[in-house]
Amino acid sequence: MSEKQKILIVDDKKENLFALEKTLSETNVQIVKASCGNEALRLSLNHDFALAILDVQMPNMDGYELAELLRSDDKTRRLPIIFLTAALMQEIDIFKGYESGGVDYILKPYRPAILLSKVAIFLELDRQKSELLEKQKLLEASNNELKAFAYSVSHDLRAPIRHVNSFAKLLKESATDNLDEKSQRYLSMIIDAAIRMGQLVDDLLEFSRAGRVGMTLRPVDLRQLVDKTIADLKTDIEDRDIAWKICSLPKVYADQSLIQIVLDNLISNAVKFTGKCKNAQIEIGEAPNGENEFIIFVRDNGCGFDMNYIDKLFGVFQRLHRQEEFEGTGIGLANVRRIITRHGGRTWAESTLGKGANFYISLPRNDASMEDR
C-alpha cells in the first residue's frame with residue numbers, strides 16, 4: 001500500500017486523545033483525531049479510514065450515535081469500530097454497541113498491549129482487503145483487454161479469410177482444366193482450411209460477444225427454443241434417421257437469445273456425435289431433484305468421450321476428438337459454460353466412451369420462473 005493507513009480516534013477529552021495517540025504511534029499509521037461526533041463525520045468525508053476507535057460517553061452525540069451515522073453512509077458502512085468506555089458495561093449496552101456497528105469493546109483503563117494487538121488485527125484485515133481490491137481491478141482490466149483483443153482480432157480476420165476463400169473458389173472454377181490432380185487437391189485443401197478458419201473466427205466472435213453483451217432476463221419457454229433448434233437443423237439431418245425424445249421442459253427466467261445459443265450448441269453436438277450411429281437417439285428434458293435450480297439435460301447414444309479428459313471439455317479450443325473424425329472448433333462448449341455461468345447456473349457432463357454422453361445445464365429457480373412454469 002503506497003499511503004499510510006489511517007485510524008480515526010474520537011474522544012471529548014484532550015488528555016484521552018493524547019494518551020491514545022501515543023499508544024497507537026507504535027503502529028506506524030496516520031492518526032486522525034476528533035473531539036466530537038460532528039467533527040468525526042466531517043473528517044470521514046475527506047479520509048479513508050482503516051479503523052475507528054470511539055469513546056462511548058460524549059456530550060451531544062455519544063459513540064453509539066456516531067457509529068450509527070457512520071454505518072448509514074456508503075463510504076464508511078464497513079468501517080470497523082472499536083468502542084472505548086470507562087463505564088461498567090451492561091448486557092443491553094453491549095448489544096446496543098454491536099447493533100450500531102461496533103466490532104469490539106475495550107474498557108478503560110486499557111492495557112496498551114491488548115489495544116495494540118486488536119488494532120493490528122484490523123489493520124491487517126484492511127491491508128488484505130486493499131490488496132484484494134487491487135488484484136480484482138487488475139484482473140478486470142486484464143479481462144477487458146483480452147476480450148477487446150479477441151474481438152478485434154476476430155473482427156479484423158473475417159475480411160481476409162473471406163477473400164482467401166472467394167478467390168480460391170474462383171481459381172478452382174476457372175483453372176481446373178489447367179491444373180493437375182495434385183494441384184487441384186492442394187487448392188481444395190486451401191478452400192477447406194479457409195472455411196474452417198472462417199468458422200473458427202465466427203465462433204470466437206460469438207464467444208467474445210457472449211461475455212460482453214448485456215442480458216435481458218424474462219420468462220423463456222425452453223420447449224420453444226428446442227423446437228427452433230431442431231427445425232434449424234432439419235436441412236442438415238434430412239437424410240438421417242434420428243429418434244428424438246423431447247420430455248417436459250420448464251419455463252425459466254433467462255436471456256432468450258443467449259439460452260438459444262446454449263441449446264443450439266448442445267443439440268447440434270448431439271447430432272454431430274451420433275453421426276456414425278445407425279439408430280441415433282437424442283433425448284432432451286428436465287432432470288429431477290433440482291431443488292433451487294432447473295436442471296436440463298441433452299442425452300445421446302453417440303461416440304461419447306473419455307471421462308479422464310472431463311476437465312478439458314468446457315475449455316476454449318479444447319477438443320476430445322480428432323478433426324478428421326468430427327469437425328468443430330472447440331469453442332461451442334466453452335461458450336455454453338460462459339453463458340450459463342453468467343446466469344448463475346452450472347454445466348457438467350457424464351459419458352462412457354462409445355456409449356453416448358449426457359450434458360447438463362442448470363438455471364436458478366426464482367419467483368418469476370416459478371410463476372410462469
# chains A, B, ... in the order shown; residues from 1 in each chain; ligands from 1

$ select_by_dssp --residues "region 198-280 of chain A" --states "strand (DSSP E)" --output "list in words"
Leu217, Arg218, Pro219, Val220, Asp221, Ile242, Ala243, Trp244, Lys245, Ile246, Lys251, Val252, Tyr253, Ala254, Asp255 and Ala280 of chain A

$ write_last_selection --atoms "C-alpha atoms" --output "short mmCIF file (atom, residue, chain, number, x, y, z; two decimals), in the first residue's frame"
data_model
loop_
_atom_site.label_atom_id
_atom_site.label_comp_id
_atom_site.auth_asym_id
_atom_site.auth_seq_id
_atom_site.Cartn_x
_atom_site.Cartn_y
_atom_site.Cartn_z
CA LEU A 217 -33.93 -11.57 -18.30
CA ARG A 218 -37.52 -12.62 -18.85
CA PRO A 219 -39.63 -15.82 -18.82
CA VAL A 220 -38.39 -18.17 -21.54
CA ASP A 221 -40.14 -21.33 -22.75
CA ILE A 242 -32.73 -39.75 -35.58
CA ALA A 243 -35.16 -40.78 -32.86
CA TRP A 244 -35.99 -37.61 -30.93
CA LYS A 245 -37.47 -37.74 -27.43
CA ILE A 246 -38.41 -34.31 -26.09
CA LYS A 251 -40.11 -22.05 -18.40
CA VAL A 252 -37.07 -20.29 -16.95
CA TYR A 253 -36.08 -16.71 -16.23
CA ALA A 254 -33.20 -16.03 -18.59
CA ASP A 255 -31.87 -14.17 -21.62
CA ALA A 280 -29.29 -42.31 -33.39
#

$ closest_residue --among "A:Leu222, A:Ala231, A:Leu187, A:Leu107" --to "Gly285 (chain A)" --atoms "only C-alpha atoms"
A:Leu222

$ closest_atom_pairs --of "region 287-316 of chain A" --to "region 361-367 of chain A" --cutoff "9 Å" --atoms "only C-alpha atoms" --output "JSON lines"
{"residue": "A:Gly290", "atom": "CA", "partner": "A:Ser362", "partner_atom": "CA", "distance": 8.4}
{"residue": "A:Glu291", "atom": "CA", "partner": "A:Arg365", "partner_atom": "CA", "distance": 8.2}
{"residue": "A:Asn292", "atom": "CA", "partner": "A:Arg365", "partner_atom": "CA", "distance": 5.5}
{"residue": "A:Glu293", "atom": "CA", "partner": "A:Pro364", "partner_atom": "CA", "distance": 4.2}
{"residue": "A:Phe294", "atom": "CA", "partner": "A:Leu363", "partner_atom": "CA", "distance": 5.2}
{"residue": "A:Ile295", "atom": "CA", "partner": "A:Ser362", "partner_atom": "CA", "distance": 4.4}
{"residue": "A:Ile296", "atom": "CA", "partner": "A:Ile361", "partner_atom": "CA", "distance": 5.4}
{"residue": "A:Phe297", "atom": "CA", "partner": "A:Ile361", "partner_atom": "CA", "distance": 6.6}
{"residue": "A:Val298", "atom": "CA", "partner": "A:Ile361", "partner_atom": "CA", "distance": 8.9}

$ closest_residue --among "A:Gly332, A:Asn143, A:Ile237, A:Leu8" --to "Arg42 (chain A)" --atoms "only C-alpha atoms"
A:Leu8

$ atom_distance --atom1 "CA of Lys278 (chain A)" --atom2 "CA of Arg223 (chain A)"
26.5 Å

$ select_by_dssp --residues "region 102-335 of chain A" --states "helix (DSSP H, G or I)" --output "ChimeraX atom specification"
/A:112-178,181-212,222-232,234-237,256-273,307-312,332-335

$ write_last_selection --atoms "C-alpha atoms" --output "CSV table (one decimal), in the first residue's frame"
chain,number,residue,atom,x,y,z
A,112,PRO,CA,-1.8,-0.8,25.7
A,113,ALA,CA,-0.6,-4.3,24.6
A,114,ILE,CA,-4.2,-5.6,24.3
A,115,LEU,CA,-5.3,-2.5,22.4
A,116,LEU,CA,-2.4,-2.7,20.0
A,117,SER,CA,-2.9,-6.4,19.4
A,118,LYS,CA,-6.6,-5.8,18.5
A,119,VAL,CA,-5.7,-2.8,16.3
A,120,ALA,CA,-3.1,-4.9,14.5
A,121,ILE,CA,-5.7,-7.4,13.5
A,122,PHE,CA,-8.0,-4.8,11.9
A,123,LEU,CA,-5.1,-3.1,10.2
A,124,GLU,CA,-4.0,-6.5,8.7
A,125,LEU,CA,-7.6,-7.2,7.5
A,126,ASP,CA,-7.7,-3.7,5.9
A,127,ARG,CA,-4.4,-4.4,4.1
A,128,GLN,CA,-5.7,-7.7,2.8
A,129,LYS,CA,-8.9,-6.1,1.6
A,130,SER,CA,-7.0,-3.4,-0.2
A,131,GLU,CA,-4.7,-5.9,-1.8
A,132,LEU,CA,-7.7,-8.0,-2.9
A,133,LEU,CA,-9.4,-5.0,-4.4
A,134,GLU,CA,-6.3,-4.0,-6.3
A,135,LYS,CA,-5.9,-7.5,-7.7
A,136,GLN,CA,-9.6,-7.5,-8.6
A,137,LYS,CA,-9.1,-4.3,-10.5
A,138,LEU,CA,-6.1,-5.6,-12.3
A,139,LEU,CA,-7.9,-8.8,-13.2
A,140,GLU,CA,-10.9,-6.9,-14.5
A,141,ALA,CA,-8.6,-4.7,-16.6
A,142,SER,CA,-6.8,-7.8,-18.0
A,143,ASN,CA,-10.1,-9.5,-18.8
A,144,ASN,CA,-11.4,-6.4,-20.6
A,145,GLU,CA,-8.2,-6.1,-22.6
A,146,LEU,CA,-8.4,-9.8,-23.5
A,147,LYS,CA,-12.0,-9.5,-24.6
A,148,ALA,CA,-11.2,-6.4,-26.7
A,149,PHE,CA,-8.2,-8.2,-28.2
A,150,ALA,CA,-10.2,-11.3,-29.1
A,151,TYR,CA,-13.0,-9.2,-30.6
A,152,SER,CA,-10.6,-7.0,-32.6
A,153,VAL,CA,-8.5,-9.9,-33.9
A,154,SER,CA,-11.6,-11.9,-34.8
A,155,HIS,CA,-13.3,-9.0,-36.5
A,156,ASP,CA,-10.3,-8.0,-38.5
A,157,LEU,CA,-9.6,-11.5,-39.6
A,158,ARG,CA,-13.0,-12.0,-41.2
A,159,ALA,CA,-12.4,-10.0,-44.4
A,160,PRO,CA,-9.1,-11.5,-45.4
A,161,ILE,CA,-10.4,-15.0,-44.7
A,162,ARG,CA,-13.4,-14.4,-47.0
A,163,HIS,CA,-11.0,-13.1,-49.7
A,164,VAL,CA,-8.9,-16.2,-49.5
A,165,ASN,CA,-11.9,-18.4,-49.7
A,166,SER,CA,-13.6,-16.5,-52.5
A,167,PHE,CA,-10.5,-16.2,-54.7
A,168,ALA,CA,-9.5,-19.8,-54.1
A,169,LYS,CA,-13.0,-20.9,-55.3
A,170,LEU,CA,-12.8,-18.6,-58.4
A,171,LEU,CA,-9.4,-20.1,-59.2
A,172,LYS,CA,-10.7,-23.6,-58.9
A,173,GLU,CA,-13.6,-22.9,-61.2
A,174,SER,CA,-11.6,-21.0,-63.8
A,175,ALA,CA,-8.4,-23.0,-63.8
A,176,THR,CA,-9.5,-26.6,-63.1
A,177,ASP,CA,-8.7,-27.8,-66.7
A,178,ASN,CA,-5.1,-26.4,-66.4
A,181,GLU,CA,-4.7,-33.7,-59.8
A,182,LYS,CA,-2.2,-32.8,-57.1
A,183,SER,CA,-2.7,-29.0,-57.6
A,184,GLN,CA,-6.5,-29.4,-57.5
A,185,ARG,CA,-6.2,-31.3,-54.3
A,186,TYR,CA,-4.0,-28.6,-52.8
A,187,LEU,CA,-6.5,-25.9,-53.9
A,188,SER,CA,-9.3,-27.9,-52.3
A,189,MET,CA,-7.3,-28.1,-49.1
A,190,ILE,CA,-6.9,-24.3,-49.1
A,191,ILE,CA,-10.6,-23.8,-49.5
A,192,ASP,CA,-11.4,-26.3,-46.7
A,193,ALA,CA,-8.9,-24.6,-44.4
A,194,ALA,CA,-10.3,-21.1,-45.2
A,195,ILE,CA,-13.8,-22.4,-44.4
A,196,ARG,CA,-12.7,-23.9,-41.1
A,197,MET,CA,-10.8,-20.7,-40.2
A,198,GLY,CA,-13.9,-18.6,-41.0
A,199,GLN,CA,-15.9,-20.8,-38.7
A,200,LEU,CA,-13.3,-20.6,-36.0
A,201,VAL,CA,-13.4,-16.8,-36.2
A,202,ASP,CA,-17.2,-16.7,-36.2
A,203,ASP,CA,-17.2,-18.9,-33.1
A,204,LEU,CA,-14.5,-16.8,-31.4
A,205,LEU,CA,-16.6,-13.7,-32.1
A,206,GLU,CA,-19.7,-15.3,-30.6
A,207,PHE,CA,-17.7,-16.4,-27.6
A,208,SER,CA,-16.4,-12.8,-27.1
A,209,ARG,CA,-19.8,-11.3,-27.6
A,210,ALA,CA,-21.4,-13.7,-25.1
A,211,GLY,CA,-19.3,-12.3,-22.4
A,212,ARG,CA,-19.8,-8.7,-23.3
A,222,LEU,CA,-37.3,-23.9,-23.3
A,223,ARG,CA,-39.5,-26.2,-25.4
A,224,GLN,CA,-40.0,-23.4,-28.0
A,225,LEU,CA,-36.2,-22.9,-28.1
A,226,VAL,CA,-35.6,-26.6,-28.5
A,227,ASP,CA,-38.1,-26.9,-31.3
A,228,LYS,CA,-36.5,-23.9,-33.1
A,229,THR,CA,-33.0,-25.5,-32.8
A,230,ILE,CA,-34.3,-28.8,-34.3
A,231,ALA,CA,-36.1,-27.0,-37.1
A,232,ASP,CA,-33.0,-25.1,-38.0
A,234,LYS,CA,-33.7,-30.0,-40.4
A,235,THR,CA,-31.8,-29.5,-43.7
A,236,ASP,CA,-28.6,-30.9,-42.3
A,237,ILE,CA,-30.2,-34.1,-40.9
A,256,GLN,CA,-33.6,-15.9,-24.5
A,257,SER,CA,-31.0,-15.2,-27.2
A,258,LEU,CA,-28.1,-16.5,-25.1
A,259,ILE,CA,-30.0,-19.6,-23.9
A,260,GLN,CA,-30.8,-20.2,-27.6
A,261,ILE,CA,-27.1,-20.3,-28.3
A,262,VAL,CA,-26.6,-22.8,-25.4
A,263,LEU,CA,-29.3,-25.2,-26.8
A,264,ASP,CA,-28.0,-24.8,-30.4
A,265,ASN,CA,-24.6,-25.9,-29.2
A,266,LEU,CA,-25.7,-28.8,-27.1
A,267,ILE,CA,-28.2,-30.2,-29.6
A,268,SER,CA,-26.0,-29.8,-32.6
A,269,ASN,CA,-23.2,-31.6,-30.7
A,270,ALA,CA,-25.6,-34.5,-30.0
A,271,VAL,CA,-26.5,-34.6,-33.7
A,272,LYS,CA,-22.8,-34.5,-34.7
A,273,PHE,CA,-21.5,-37.1,-32.3
A,307,MET,CA,-14.1,-39.1,-18.6
A,308,ASN,CA,-10.4,-38.8,-17.9
A,309,TYR,CA,-10.4,-35.7,-20.0
A,310,ILE,CA,-13.5,-34.1,-18.5
A,311,ASP,CA,-11.5,-31.1,-17.2
A,312,LYS,CA,-10.8,-30.1,-20.8
A,332,GLY,CA,-19.0,-24.2,-28.5
A,333,LEU,CA,-19.0,-25.8,-25.0
A,334,ALA,CA,-16.8,-23.0,-23.7
A,335,ASN,CA,-19.5,-20.7,-24.8

$ closest_residue --among "A:Leu179, A:Ile7, A:Asn46, A:Leu24" --to "Pro80 (chain A)" --atoms "only C-alpha atoms"
A:Ile7

$ atom_distance --atom1 "CA of Asp300 (chain A)" --atom2 "CA of Arg342 (chain A)"
26.1 Å

$ closest_residue --among "A:Leu41, A:Ile331, A:His343, A:Thr27" --to "Ser72 (chain A)" --atoms "only C-alpha atoms"
A:Leu41

$ closest_residue --among "A:Thr347, A:Thr274, A:Ser35, A:Gln30" --to "Asn16 (chain A)" --atoms "only C-alpha atoms"
A:Ser35

$ closest_residue --among "A:Ile284, A:Met215, A:Leu70, A:Cys247" --to "Ile339 (chain A)" --atoms "only C-alpha atoms"
A:Met215
